[in-house]
>>> print(open('work_3.txt').read())   # compact mmCIF, C-alpha atoms
# COMPACT_ATOMS: atom_id res chain seq x y z
CA MET L 310 -76.37 4.84 -39.90
CA LYS L 311 -74.75 2.77 -37.20
CA TYR L 312 -71.32 3.35 -38.76
CA GLY L 313 -72.17 6.98 -39.32
CA ARG L 314 -72.67 7.59 -35.59
CA ARG L 315 -69.48 5.76 -34.77
CA ALA L 316 -67.62 7.85 -37.30
CA ILE L 317 -69.08 11.05 -35.86
CA ALA L 318 -67.97 9.93 -32.42
CA LEU L 319 -64.47 9.28 -33.76
CA GLY L 320 -64.45 12.70 -35.31
CA VAL L 321 -65.47 14.29 -32.04
CA MET L 322 -62.78 12.37 -30.19
CA SER L 323 -60.12 13.27 -32.68
CA VAL L 324 -60.91 16.96 -32.39
CA GLY L 325 -61.04 16.61 -28.63
CA LEU L 326 -57.60 15.04 -28.49
CA VAL L 327 -56.19 17.66 -30.80
CA GLY L 328 -57.84 20.25 -28.62
CA ILE L 329 -55.77 19.48 -25.56
CA ALA L 330 -52.51 19.21 -27.43
CA GLY L 331 -50.75 22.26 -28.74
CA PRO L 332 -48.32 24.03 -26.47
CA GLN L 333 -47.94 21.11 -24.10
CA ALA L 334 -45.16 19.61 -26.19
CA MET L 335 -42.28 17.96 -24.40
CA ALA L 336 -39.62 20.14 -25.95
CA GLY L 337 -38.79 23.25 -23.99
CA SER L 338 -36.11 25.67 -22.92
CA HIS L 339 -36.50 25.96 -19.16
CA SER L 340 -33.37 24.27 -17.99
CA TRP L 341 -30.63 26.41 -19.51
CA ARG L 342 -28.70 28.26 -16.81
CA ILE L 343 -26.05 30.94 -17.06
CA ASN L 344 -23.02 29.00 -15.97
CA GLU L 345 -19.90 31.06 -16.60
CA VAL L 346 -19.13 34.68 -17.41
CA PHE L 347 -15.85 36.15 -18.60
CA SER L 348 -14.57 39.58 -19.57
CA ASN L 349 -11.33 41.40 -20.03
CA ALA L 350 -10.96 44.84 -18.50
CA ASP L 351 -12.30 46.85 -21.41
CA GLY L 352 -15.13 44.47 -22.28
CA THR L 353 -13.95 43.73 -25.80
CA ILE L 354 -13.38 40.08 -24.97
CA GLN L 355 -16.42 38.58 -23.26
CA PHE L 356 -18.32 35.35 -23.17
CA VAL L 357 -21.46 34.09 -21.52
CA GLU L 358 -21.79 30.34 -21.27
CA LEU L 359 -25.11 28.63 -20.63
CA LYS L 360 -25.40 25.06 -19.46
CA GLU L 361 -28.35 22.71 -19.49
CA CYS L 362 -28.71 22.10 -15.80
CA CYS L 363 -30.67 18.96 -15.34
CA GLY L 364 -30.15 16.26 -17.91
CA MET L 365 -33.08 17.34 -20.08
CA ASN L 366 -32.49 16.28 -23.63
CA ASN L 367 -34.94 18.35 -25.63
CA GLU L 368 -34.42 21.92 -24.49
CA VAL L 369 -34.25 23.17 -28.05
CA LEU L 370 -37.00 25.80 -28.15
CA LEU L 371 -34.80 28.89 -27.98
CA SER L 372 -36.80 30.95 -30.44
CA GLY L 373 -38.17 33.96 -28.58
CA LYS L 374 -35.73 33.50 -25.72
CA TYR L 375 -32.92 35.88 -24.93
CA VAL L 376 -29.92 36.70 -22.77
CA SER L 377 -29.85 40.27 -21.50
CA SER L 378 -27.83 42.60 -19.32
CA GLN L 379 -29.69 44.72 -16.82
CA THR L 380 -26.88 47.24 -16.53
CA THR L 381 -26.11 47.87 -20.20
CA GLY L 382 -29.58 47.06 -21.50
CA ASN L 383 -28.11 44.87 -24.22
CA ILE L 384 -30.28 41.98 -25.33
CA PHE L 385 -29.27 38.99 -27.40
CA ASN L 386 -32.25 37.23 -28.96
CA PHE L 387 -31.71 33.65 -29.99
CA PRO L 388 -32.32 33.53 -33.72
CA GLY L 389 -34.18 30.23 -33.67
CA ASN L 390 -34.53 26.82 -32.11
CA LEU L 391 -31.65 24.43 -31.87
CA PRO L 392 -31.69 22.30 -35.04
CA CYS L 393 -31.56 18.92 -33.37
CA ASN L 394 -33.52 16.45 -31.30
CA ASN L 395 -32.48 14.73 -28.10
CA CYS L 396 -29.32 16.75 -28.01
CA THR L 397 -29.27 19.10 -25.04
CA ALA L 398 -28.70 17.15 -21.83
CA ASN L 399 -25.86 18.78 -19.90
CA GLN L 400 -24.73 20.63 -23.02
CA HIS L 401 -23.43 24.19 -23.25
CA LEU L 402 -24.21 27.24 -25.36
CA LEU L 403 -21.49 29.81 -25.90
CA LEU L 404 -22.24 33.46 -26.56
CA ALA L 405 -19.08 35.49 -27.13
CA THR L 406 -17.64 38.57 -28.74
CA SER L 407 -15.81 38.49 -32.06
CA ALA L 408 -12.55 39.38 -30.34
CA PHE L 409 -12.94 36.35 -28.13
CA ALA L 410 -13.53 34.15 -31.18
CA ALA L 411 -10.24 35.33 -32.66
CA LEU L 412 -8.15 34.31 -29.65
CA PRO L 413 -5.97 31.21 -29.74
CA GLY L 414 -7.59 28.40 -27.77
CA ALA L 415 -11.09 29.79 -28.04
CA PRO L 416 -13.82 27.34 -29.01
CA ALA L 417 -16.05 28.70 -31.77
CA PRO L 418 -18.91 30.65 -30.23
CA ASP L 419 -22.40 29.43 -31.02
CA TYR L 420 -23.60 33.02 -31.08
CA ILE L 421 -21.81 36.36 -31.38
CA ILE L 422 -22.58 39.16 -28.93
CA PRO L 423 -21.30 42.74 -29.22
CA ALA L 424 -18.29 43.99 -27.27
CA GLY L 425 -19.30 45.40 -23.93
CA PHE L 426 -22.42 43.24 -23.89
CA PHE L 427 -22.45 43.26 -20.12
CA ALA L 428 -20.93 45.59 -17.55
CA ILE L 429 -17.79 44.47 -15.79
CA GLU L 430 -18.33 46.48 -12.61
CA ALA L 431 -21.63 44.90 -11.59
CA ASP L 432 -24.47 43.42 -13.53
CA THR L 433 -27.32 40.95 -13.63
CA LEU L 434 -27.58 38.78 -16.71
CA ASP L 435 -30.95 37.23 -17.42
CA TYR L 436 -31.73 34.18 -19.47
CA TYR L 437 -35.31 34.95 -20.46
CA ILE L 438 -37.40 34.88 -17.29
CA TYR L 439 -35.95 31.55 -16.27
CA ASP L 440 -32.55 32.39 -14.82
CA ALA L 441 -30.50 35.29 -13.54
CA PHE L 442 -26.78 35.59 -12.88
CA THR L 443 -25.77 38.50 -10.66
CA PHE L 444 -22.37 39.79 -9.71
CA GLY L 445 -21.44 42.80 -7.65
CA ALA L 446 -18.55 45.23 -7.71
CA GLY L 447 -15.20 43.49 -7.84
CA GLU L 448 -16.66 40.01 -8.18
CA LEU L 449 -15.95 39.53 -11.88
CA PRO L 450 -12.27 38.91 -12.53
CA THR L 451 -10.77 40.97 -15.33
CA ASP L 452 -7.30 39.52 -15.18
CA CYS L 453 -7.66 38.00 -18.65
CA VAL L 454 -7.51 34.44 -17.34
CA ASN L 455 -10.11 33.82 -14.66
CA SER L 456 -13.87 33.81 -15.04
CA LEU L 457 -16.87 33.89 -12.73
CA HIS L 458 -18.81 30.66 -12.41
CA ASP L 459 -22.31 29.92 -11.20
CA GLY L 460 -22.33 30.04 -7.42
CA GLY L 461 -19.75 32.82 -7.22
CA ARG L 462 -16.67 30.70 -7.72
CA THR L 463 -13.82 32.13 -9.75
CA GLY L 464 -11.33 30.06 -11.65
CA PRO L 465 -9.59 29.69 -15.00
CA ASN L 466 -11.98 30.33 -17.88
CA SER L 467 -13.30 27.20 -19.54
CA PRO L 468 -15.67 28.20 -22.34
CA THR L 469 -17.53 25.31 -23.95
CA ASN L 470 -19.73 25.44 -27.01
CA PHE L 471 -22.71 23.37 -28.08
CA ALA L 472 -20.53 20.96 -30.00
CA GLY L 473 -18.68 20.22 -26.78
CA GLU L 474 -15.49 21.96 -27.84
CA THR L 475 -13.83 23.53 -24.84
CA GLY L 476 -10.71 25.57 -24.23
CA SER L 477 -9.20 28.38 -22.24
CA VAL L 478 -8.10 31.77 -23.44
CA ASP L 479 -5.58 34.36 -22.40
CA ALA L 480 -7.29 37.64 -23.14
CA CYS L 481 -4.06 39.57 -22.62
CA PRO L 482 -1.52 37.63 -24.67
CA CYS L 483 0.68 40.71 -24.95
CA PRO L 484 0.16 42.82 -21.83
CA ALA L 485 3.20 44.98 -22.44
CA ASP L 486 1.68 46.20 -25.71
CA LEU L 487 0.23 49.19 -23.93
CA ASP L 488 -0.82 51.10 -27.02
CA GLY L 489 -2.32 48.03 -28.66
CA ASP L 490 -0.39 48.32 -31.93
CA GLY L 491 0.62 44.66 -31.99
CA SER L 492 4.16 45.10 -30.80
CA VAL L 493 6.07 46.22 -27.72
CA GLY L 494 8.20 49.21 -28.59
CA ILE L 495 9.32 52.70 -27.72
CA LEU L 496 5.80 54.12 -27.34
CA ASP L 497 4.98 51.45 -24.80
CA LEU L 498 8.20 52.21 -22.93
CA LEU L 499 7.39 55.91 -22.82
CA ALA L 500 3.87 55.19 -21.57
CA LEU L 501 5.25 53.04 -18.80
CA LEU L 502 7.77 55.65 -17.76
CA ALA L 503 5.04 58.29 -17.74
CA ALA L 504 3.05 56.21 -15.29
CA TRP L 505 6.02 55.51 -13.02
CA GLY L 506 5.17 55.23 -9.34
CA PRO L 507 2.11 54.13 -7.35
CA CYS L 508 -1.04 53.50 -9.39
CA GLN L 509 -3.67 56.17 -9.14
CA GLY L 510 -7.22 55.20 -8.19
CA GLU L 511 -8.42 51.66 -8.61
CA CYS L 512 -5.69 49.17 -9.38
CA LEU L 513 -6.83 47.02 -12.28
CA PRO L 514 -3.85 45.28 -13.83
CA PRO L 515 -2.94 44.88 -16.59
CA THR L 516 -4.95 47.71 -18.12
CA THR L 517 -2.56 50.21 -16.58
CA CYS L 518 1.15 50.12 -16.99
CA ASP L 519 1.28 48.02 -13.85
CA LEU L 520 2.13 44.77 -15.55
CA ASP L 521 2.83 42.66 -12.48
CA GLY L 522 -0.28 43.69 -10.57
CA ASP L 523 1.42 45.12 -7.47
CA CYS L 524 -0.26 48.51 -7.96
CA VAL L 525 3.07 50.21 -8.50
CA VAL L 526 4.71 50.92 -11.83
CA GLY L 527 8.32 50.14 -11.15
CA ILE L 528 11.42 48.27 -12.11
CA LEU L 529 9.69 44.88 -12.38
CA ASP L 530 7.21 46.30 -14.86
CA LEU L 531 10.05 47.83 -16.85
CA LEU L 532 11.86 44.50 -16.98
CA THR L 533 8.67 42.74 -18.06
CA LEU L 534 8.21 45.23 -20.87
CA LEU L 535 11.78 44.92 -22.05
CA ALA L 536 11.54 41.12 -21.99
CA ALA L 537 8.53 41.31 -24.30
CA TRP L 538 10.19 43.76 -26.72
CA GLY L 539 9.23 43.27 -30.34
CA PRO L 540 6.16 41.93 -32.15
CA CYS L 541 3.45 40.33 -30.01
CA PRO L 542 3.11 36.54 -30.30
CA MET X 773 -65.81 9.24 -43.31
CA LYS X 774 -68.55 11.76 -43.95
CA GLY X 775 -69.62 11.35 -40.36
CA ILE X 776 -66.10 12.06 -39.12
CA LEU X 777 -66.02 15.23 -41.12
CA ILE X 778 -69.42 16.30 -39.87
CA GLY X 779 -68.49 15.53 -36.28
CA SER X 780 -65.22 17.40 -36.52
CA LEU X 781 -66.73 20.34 -38.32
CA THR X 782 -69.54 20.59 -35.82
CA LEU X 783 -67.09 21.00 -32.96
CA LEU X 784 -64.76 23.27 -34.85
CA LEU X 785 -67.53 25.57 -35.96
CA ALA X 786 -69.07 25.57 -32.53
CA GLY X 787 -65.70 26.75 -31.23
CA CYS X 788 -65.85 28.86 -28.12
CA ALA X 789 -68.90 30.81 -29.10
CA ALA X 790 -70.99 28.61 -26.89
CA PRO X 791 -68.97 27.46 -23.88
CA THR X 792 -71.32 24.59 -23.21
CA ASN X 793 -70.34 22.99 -26.51
CA THR X 794 -66.65 22.99 -25.62
CA ALA X 795 -66.91 22.27 -21.95
CA CYS X 796 -66.14 18.60 -22.49
CA ILE X 797 -62.87 19.47 -24.21
CA CYS X 798 -61.67 22.15 -21.84
CA ASP X 799 -62.70 20.17 -18.78
CA LEU X 800 -60.14 17.59 -19.73
CA ALA X 801 -57.49 20.28 -20.05
CA LYS X 802 -58.54 21.64 -16.65
CA LEU X 803 -57.83 18.32 -15.03
CA ASN X 804 -54.43 17.73 -16.58
CA ASN X 805 -53.01 21.26 -16.64
CA GLY X 806 -53.47 21.25 -20.38
CA TRP X 807 -53.97 23.70 -23.19
CA CYS X 808 -57.40 23.77 -24.82
CA SER X 809 -56.48 24.83 -28.32
CA GLN X 810 -60.16 24.92 -29.28
CA CYS X 811 -60.63 27.89 -26.98
CA ALA X 812 -57.00 29.05 -26.89
CA LEU X 813 -57.01 28.75 -23.13
CA GLY X 814 -54.70 26.97 -20.78
CA TYR X 815 -55.30 25.62 -17.33
CA VAL X 816 -53.11 25.15 -14.31
CA ALA X 817 -54.72 23.95 -11.10
CA GLY X 818 -58.04 24.56 -12.82
CA VAL X 819 -57.31 28.26 -13.24
CA THR X 820 -57.91 29.63 -16.70
CA ILE X 821 -54.86 31.18 -18.38
CA GLU X 822 -55.43 33.36 -21.41
CA SER X 823 -51.75 33.99 -22.06
CA GLU X 824 -50.17 31.20 -24.08
CA MET X 825 -46.76 32.54 -23.16
CA LEU X 826 -47.48 32.28 -19.45
CA PHE X 827 -48.94 28.83 -19.90
CA GLU X 828 -45.88 27.64 -21.80
CA ALA X 829 -43.54 29.22 -19.28
CA LEU X 830 -45.27 27.39 -16.46
CA ASP X 831 -44.89 24.08 -18.33
CA ALA X 832 -46.93 22.51 -15.58
CA HIS X 833 -46.45 18.87 -16.38
CA GLY X 834 -43.75 16.57 -15.04
CA HIS X 835 -40.75 15.94 -17.24
CA ASP X 836 -39.28 12.46 -17.50
CA ILE X 837 -35.53 12.54 -17.26
CA ASP X 838 -32.92 9.84 -17.48
CA PRO X 839 -31.63 9.81 -13.87
CA GLY X 840 -28.19 8.85 -15.13
CA GLY X 841 -27.99 12.08 -17.07
CA VAL X 842 -28.49 14.32 -14.05
CA GLN X 843 -25.07 15.73 -13.15
CA CYS X 844 -26.11 18.21 -10.46
CA SER X 845 -25.58 16.55 -7.07
CA SER X 846 -28.26 18.71 -5.47
CA CYS X 847 -30.76 17.60 -8.14
CA ARG X 848 -29.83 13.97 -7.64
CA LYS X 849 -30.48 14.29 -3.93
CA ALA X 850 -33.75 16.12 -4.55
CA MET X 851 -34.81 13.44 -7.00
CA GLU X 852 -34.55 10.83 -4.28
CA THR X 853 -36.53 12.83 -1.75
CA ASP X 854 -39.13 14.59 -3.90
CA GLY X 855 -37.26 17.77 -3.05
CA PHE X 856 -36.37 21.05 -4.71
CA CYS X 857 -32.93 21.94 -6.02
CA ASP X 858 -32.34 25.57 -5.14
CA ARG X 859 -29.28 25.74 -7.33
CA CYS X 860 -31.08 24.71 -10.52
CA GLN X 861 -34.52 25.91 -9.42
CA VAL X 862 -36.00 22.56 -10.32
CA GLY X 863 -38.38 20.49 -8.20
CA TRP X 864 -38.64 16.73 -8.34
CA VAL X 865 -41.74 14.65 -7.72
CA SER X 866 -41.80 10.93 -8.49
CA ARG X 867 -38.54 11.43 -10.41
CA GLN X 868 -40.15 13.94 -12.73
CA ALA X 869 -38.84 17.48 -13.02
CA TYR X 870 -40.89 20.64 -12.49
CA PHE X 871 -39.55 24.08 -13.33
CA SER X 872 -41.17 26.35 -10.81
CA THR X 873 -42.04 26.28 -7.14
CA LEU X 874 -45.70 26.47 -8.11
CA THR X 875 -45.78 23.46 -10.39
CA TYR X 876 -43.53 21.49 -8.07
CA ARG X 877 -45.78 22.10 -5.09
CA LEU X 878 -48.95 21.43 -7.07
CA ALA X 879 -47.51 18.14 -8.30
CA LYS X 880 -47.56 16.91 -4.72
CA GLY X 881 -51.34 17.17 -4.60
CA GLN X 882 -54.09 15.54 -6.61
CA ALA X 883 -56.18 17.31 -9.22
CA LYS X 884 -59.94 16.97 -8.70
CA ASP X 885 -62.97 17.59 -10.85
CA VAL X 886 -64.44 20.45 -8.83
CA SER X 887 -67.95 19.77 -10.15
CA LYS X 888 -67.83 16.41 -8.40
CA ILE X 889 -66.74 17.70 -5.01
CA ARG X 890 -69.61 17.25 -2.57
CA CYS X 891 -68.29 19.08 0.48
CA PRO X 892 -69.45 22.71 0.20
CA ILE X 893 -66.42 24.00 2.09
CA CYS X 894 -63.97 22.20 -0.18
CA LYS X 895 -65.88 23.47 -3.17
CA VAL X 896 -65.50 27.07 -1.95
CA ASN X 897 -61.85 26.39 -1.17
CA ALA X 898 -61.30 25.47 -4.79
CA ASP X 899 -61.92 29.13 -5.59
CA GLN X 900 -59.73 30.57 -2.87
CA PRO X 901 -57.22 28.32 -1.12
CA GLY X 902 -58.57 27.00 2.15
CA TRP X 903 -58.35 24.13 4.57
CA CYS X 904 -61.43 22.04 5.35
CA ALA X 905 -61.10 20.77 8.90
CA SER X 906 -63.90 18.26 8.57
CA CYS X 907 -62.49 16.62 5.44
CA GLY X 908 -58.86 17.13 6.43
CA VAL X 909 -58.21 18.42 2.93
CA GLY X 910 -56.79 21.66 1.65
CA MET X 911 -57.71 22.88 -1.80
CA VAL X 912 -55.37 24.96 -3.94
CA GLY X 913 -57.31 25.56 -7.10
CA ASN X 914 -58.56 22.15 -8.14
CA VAL X 915 -55.68 20.40 -6.42
CA ALA X 916 -56.36 18.62 -3.15
CA PHE X 917 -53.78 18.24 -0.40
CA PRO X 918 -54.19 15.76 2.44
CA THR X 919 -51.68 17.53 4.69
CA LYS X 920 -51.67 21.08 5.98
CA GLU X 921 -47.99 21.39 5.23
CA GLY X 922 -48.46 20.49 1.58
CA PHE X 923 -51.46 22.79 1.35
CA GLU X 924 -49.63 25.76 2.85
CA GLN X 925 -46.53 25.23 0.73
CA ALA X 926 -48.64 25.25 -2.41
CA SER X 927 -50.84 28.17 -1.38
CA LYS X 928 -48.10 30.79 -1.41
CA PRO X 929 -46.89 30.32 -5.02
CA TYR X 930 -50.51 29.79 -6.07
CA ARG X 931 -51.48 33.26 -4.86
CA VAL X 932 -48.58 34.71 -6.83
CA PHE X 933 -49.76 32.71 -9.82
CA LEU X 934 -53.30 34.09 -9.52
CA ALA X 935 -51.88 37.61 -9.52
CA ALA X 936 -49.69 36.73 -12.51
CA VAL X 937 -52.69 35.54 -14.50
CA GLU X 938 -54.23 38.98 -14.04
CA VAL X 939 -50.99 40.81 -14.82
CA ALA X 940 -50.58 38.78 -18.02
CA ARG X 941 -53.44 40.75 -19.54
CA ASN X 942 -51.18 43.80 -19.51
CA CYS X 943 -47.70 42.30 -19.72
CA GLU X 944 -46.98 38.63 -20.33
CA PHE X 945 -43.31 39.05 -19.48
CA CYS X 946 -44.15 40.53 -16.09
CA ALA X 947 -46.51 37.63 -15.45
CA GLY X 948 -43.82 35.08 -16.26
CA ALA X 949 -41.24 36.97 -14.23
CA MET X 950 -43.59 36.95 -11.24
CA VAL X 951 -43.82 33.18 -11.28
CA PHE X 952 -40.09 32.63 -11.77
CA ASP X 953 -38.74 35.48 -9.62
CA GLY X 954 -37.35 36.88 -12.84
CA THR X 955 -37.12 40.22 -14.56
CA CYS X 956 -39.43 41.73 -17.14
CA PRO X 957 -37.31 43.03 -20.02
CA VAL X 958 -40.10 45.33 -21.17
CA CYS X 959 -41.08 47.00 -17.92
CA LYS X 960 -37.63 46.61 -16.31
CA ILE X 961 -39.13 45.21 -13.13
CA SER X 962 -37.63 42.35 -11.16
CA TYR X 963 -39.93 40.20 -9.07
CA LEU X 964 -39.49 38.33 -5.84
CA ASP X 965 -42.40 36.36 -4.41
CA GLY X 966 -44.67 38.13 -6.85
CA LYS X 967 -43.69 41.63 -5.78
CA GLY X 968 -41.65 44.13 -7.74
CA VAL X 969 -38.18 44.77 -6.35
CA PRO X 970 -35.41 47.11 -7.49
CA LEU X 971 -33.25 45.80 -10.29
CA VAL X 972 -30.03 44.29 -9.01
CA PRO X 973 -27.36 45.38 -8.71
>>> encode(input="work_3.txt", output="structure tokens")
Amino acid sequence: MKYGRRAIALGVMSVGLVGIAGPQAMAGSHSWRINEVFSNADGTIQFVELKECCGMNNEVLLSGKYVSSQTTGNIFNFPGNLPCNNCTANQHLLLATSAFAALPGAPAPDYIIPAGFFAIEADTLDYYIYDAFTFGAGELPTDCVNSLHDGGRTGPNSPTNFAGETGSVDACPCPADLDGDGSVGILDLLALLAAWGPCQGECLPPTTCDLDGDCVVGILDLLTLLAAWGPCP
Amino acid sequence: MKGILIGSLTLLLAGCAAPTNTACICDLAKLNNGWCSQCALGYVAGVTIESEMLFEALDAHGHDIDPGGVQCSSCRKAMETDGFCDRCQVGWVSRQAYFSTLTYRLAKGQAKDVSKIRCPICKVNADQPGWCASCGVGMVGNVAFPTKEGFEQASKPYRVFLAAVEVARNCEFCAGAMVFDGTCPVCKISYLDGKGVPLVP
């Protein structure tokens, strides 16, 4: 009987201890922050890089979390938790489009997002309810090289994936290929000549024929096109 | 062994049908910002949270972090001063990390068992934040603050939190977004200081 009471007490305690456990596990997902955003002018090549901000090593619970664009309404839901333990401190997660993944120098994305995932004009990207990354009109570079970093700084893109692979891409490796057929030829020359003169409207090189970014299609653009004549690298 | 089973079964079967049977379990959770899985209720500052999502989002306990692994200079400075890193939105108390203004501010106070508070004013203040001039203590939920500054700093996010607990009954995402100044993906509402603001940009 004496042991029976003790055992009952142990049972009560064990249930009590279980009772306050549950969701209060140490693993989490709070400390991922949107760190770097990149897009080319037509949105086919984009990446969103998240970084663990604070040295927390078990931020693996990504199931149910998402990255979303307020402007386009696109949402990327993480398919599950990260399959590791003690592995997240100061690490990166790379979400990118397929076209980005195909570029030379691109680290393999951890997750694929659709082209045009976010708007290039202005947008707010949310990581779940924990973080937001906002940029206004003209703040996101679309020059194929520079990206927008946390804090509003722009600089050369430096995508990094969860494995720690990093790189830098040129999203316009063949800017004179105006018709996008993989080579610079007569059709590109005709398109350039048709656009000869000051650029109309917003000047967004190199999506127009203005290859040198001076907002005028002129002799320098023609020389650039001729120098690139032939198949794209 | 039989006794253990009987003891466990008794509590499990009792469940939440009779609150008095589970009070001992949930009272512990109330004191340590825990989750009472027996009743499927969470507690932060003694306030009952029905939404598991909101409770998990609040993550109201301190997180031990290897100081050497903290790369953010603002966080490192905040770690030394029990401050808040605005860049990372992380607060530091006793070198532990907290992920919201609410939990960071609450961590600077001391949780009390409200049933053991003798001062009637402090007891009332545990329901609605208030400062007791005679005790020199401010209560924010079940958390006591010995300074007016600490009390006032905790009161503001606490009021937002109370509103979020109510909102969670209709939309858990809105509730979480209220606490984190985030955006509800369902209702398309952004929140700042607990109030809805236009989506940006």
>>> residues_around(input="work_3.txt", residues="Cys847 of chain X", least_positions_apart="5", cutoff="9 Å", atoms="all atoms listed in the file", output="ChimeraX atom specification")
/L:363 /X:842,852,855-860,862-864
>>> residues_around(input="work_3.txt", residues="Tyr436 of chain L", least_positions_apart="5", cutoff="12 Å", atoms="only C-alpha atoms", output="VMD selection string")
(chain L and resid 338 to 344 357 to 361 371 373 to 379 384 to 387 402 404 441 to 443) or (chain X and resid 949 952 954 to 957)
>>> residues_around(input="work_3.txt", residues="Gly922 of chain X", least_positions_apart="3", cutoff="9 Å", atoms="all atoms listed in the file", output="list in words")
Arg877, Leu878, Lys880, Gly881, Gly910, Phe917, Pro918, Thr919, Gln925, Ala926 and Ser927 of chain X
>>> atom_distance(input="work_3.txt", atom1="atom CA of Phe871 of chain X", atom2="atom CA of Ile421 of chain L")
28.1 Å
>>> closest_residue(input="work_3.txt", among="X:Cys946, X:Leu964, X:Val915, X:Val909", to="chain L", atoms="all atoms listed in the file")
X:Cys946
>>> residues_around(input="work_3.txt", residues="Leu370 of chain L", least_positions_apart="6", cutoff="8 Å", atoms="all atoms listed in the file", output="PDB file with C-alpha atoms, in the frame of the given file")
ATOM      1  CA  ALA L 336     -39.620  20.140 -25.950  1.00  0.00           C
ATOM      2  CA  GLY L 337     -38.790  23.250 -23.990  1.00  0.00           C
ATOM      3  CA  SER L 338     -36.110  25.670 -22.920  1.00  0.00           C
ATOM      4  CA  GLY L 389     -34.180  30.230 -33.670  1.00  0.00           C
ATOM      5  CA  ASN L 390     -34.530  26.820 -32.110  1.00  0.00           C
ATOM      6  CA  LEU L 391     -31.650  24.430 -31.870  1.00  0.00           C
TER       7      LEU L 391
END
>>> residues_near_point(input="work_3.txt", point="(-53.1, 35.9, -10.4)", cutoff="10 Å", atoms="only C-alpha atoms", output="PyMOL selection string")
chain X and resi 819+821+929-940+947+950-951+966
>>> atom_distance(input="work_3.txt", atom1="atom CA of Thr463 of chain L", atom2="atom CA of Val346 of chain L")
9.7 Å
>>> closest_residue(input="work_3.txt", among="X:Gln882, X:Asn805, X:Gln810, X:Thr820", to="Asp899 of chain X", atoms="all atoms listed in the file")
X:Thr820
>>> residues_around(input="work_3.txt", residues="segment 526-542 of chain L", least_positions_apart="2", cutoff="10 Å", atoms="all atoms listed in the file", output="NGL selection string")
:L and (482-487 or 489-495 or 497-498 or 501-508 or 517-524)
>>> write_last_selection(input="work_3.txt", atoms="C-alpha atoms", output="mmCIF file, in the frame of the given file")
data_model
loop_
_atom_site.group_PDB
_atom_site.id
_atom_site.type_symbol
_atom_site.label_atom_id
_atom_site.label_comp_id
_atom_site.auth_asym_id
_atom_site.auth_seq_id
_atom_site.Cartn_x
_atom_site.Cartn_y
_atom_site.Cartn_z
ATOM 1 C CA PRO L 482 -1.520 37.630 -24.670
ATOM 2 C CA CYS L 483 0.680 40.710 -24.950
ATOM 3 C CA PRO L 484 0.160 42.820 -21.830
ATOM 4 C CA ALA L 485 3.200 44.980 -22.440
ATOM 5 C CA ASP L 486 1.680 46.200 -25.710
ATOM 6 C CA LEU L 487 0.230 49.190 -23.930
ATOM 7 C CA GLY L 489 -2.320 48.030 -28.660
ATOM 8 C CA ASP L 490 -0.390 48.320 -31.930
ATOM 9 C CA GLY L 491 0.620 44.660 -31.990
ATOM 10 C CA SER L 492 4.160 45.100 -30.800
ATOM 11 C CA VAL L 493 6.070 46.220 -27.720
ATOM 12 C CA GLY L 494 8.200 49.210 -28.590
ATOM 13 C CA ILE L 495 9.320 52.700 -27.720
ATOM 14 C CA ASP L 497 4.980 51.450 -24.800
ATOM 15 C CA LEU L 498 8.200 52.210 -22.930
ATOM 16 C CA LEU L 501 5.250 53.040 -18.800
ATOM 17 C CA LEU L 502 7.770 55.650 -17.760
ATOM 18 C CA ALA L 503 5.040 58.290 -17.740
ATOM 19 C CA ALA L 504 3.050 56.210 -15.290
ATOM 20 C CA TRP L 505 6.020 55.510 -13.020
ATOM 21 C CA GLY L 506 5.170 55.230 -9.340
ATOM 22 C CA PRO L 507 2.110 54.130 -7.350
ATOM 23 C CA CYS L 508 -1.040 53.500 -9.390
ATOM 24 C CA THR L 517 -2.560 50.210 -16.580
ATOM 25 C CA CYS L 518 1.150 50.120 -16.990
ATOM 26 C CA ASP L 519 1.280 48.020 -13.850
ATOM 27 C CA LEU L 520 2.130 44.770 -15.550
ATOM 28 C CA ASP L 521 2.830 42.660 -12.480
ATOM 29 C CA GLY L 522 -0.280 43.690 -10.570
ATOM 30 C CA ASP L 523 1.420 45.120 -7.470
ATOM 31 C CA CYS L 524 -0.260 48.510 -7.960
#
>>> atom_distance(input="work_3.txt", atom1="atom CA of Asp351 of chain L", atom2="atom CA of Thr406 of chain L")
12.3 Å
>>> closest_residue(input="work_3.txt", among="L:Pro416, L:Pro468, L:Gly364, L:Gly425", to="Asn395 of chain L", atoms="only C-alpha atoms")
L:Gly364
>>> axis_aligned_box(input="work_3.txt", around="segment 476-491 of chain L", padding_each_side="5 Å", output="lines of an AutoDock Vina configuration file")
center_x = -3.8
center_y = 38.3
center_z = -26.9
size_x = 23.9
size_y = 35.5
size_z = 20.2
>>> closest_residue(input="work_3.txt", among="L:Pro450, L:Gly476, L:Pro423, L:Gly445", to="chain X", atoms="only C-alpha atoms")
L:Gly445
>>> closest_residue(input="work_3.txt", among="X:Asp965, X:Lys960, X:Ala850, X:Ala879", to="chain L", atoms="all atoms listed in the file")
X:Lys960
>>> closest_residue(input="work_3.txt", among="X:Arg941, X:Arg867, X:Arg890, X:Lys884", to="chain L", atoms="only C-alpha atoms")
X:Arg867
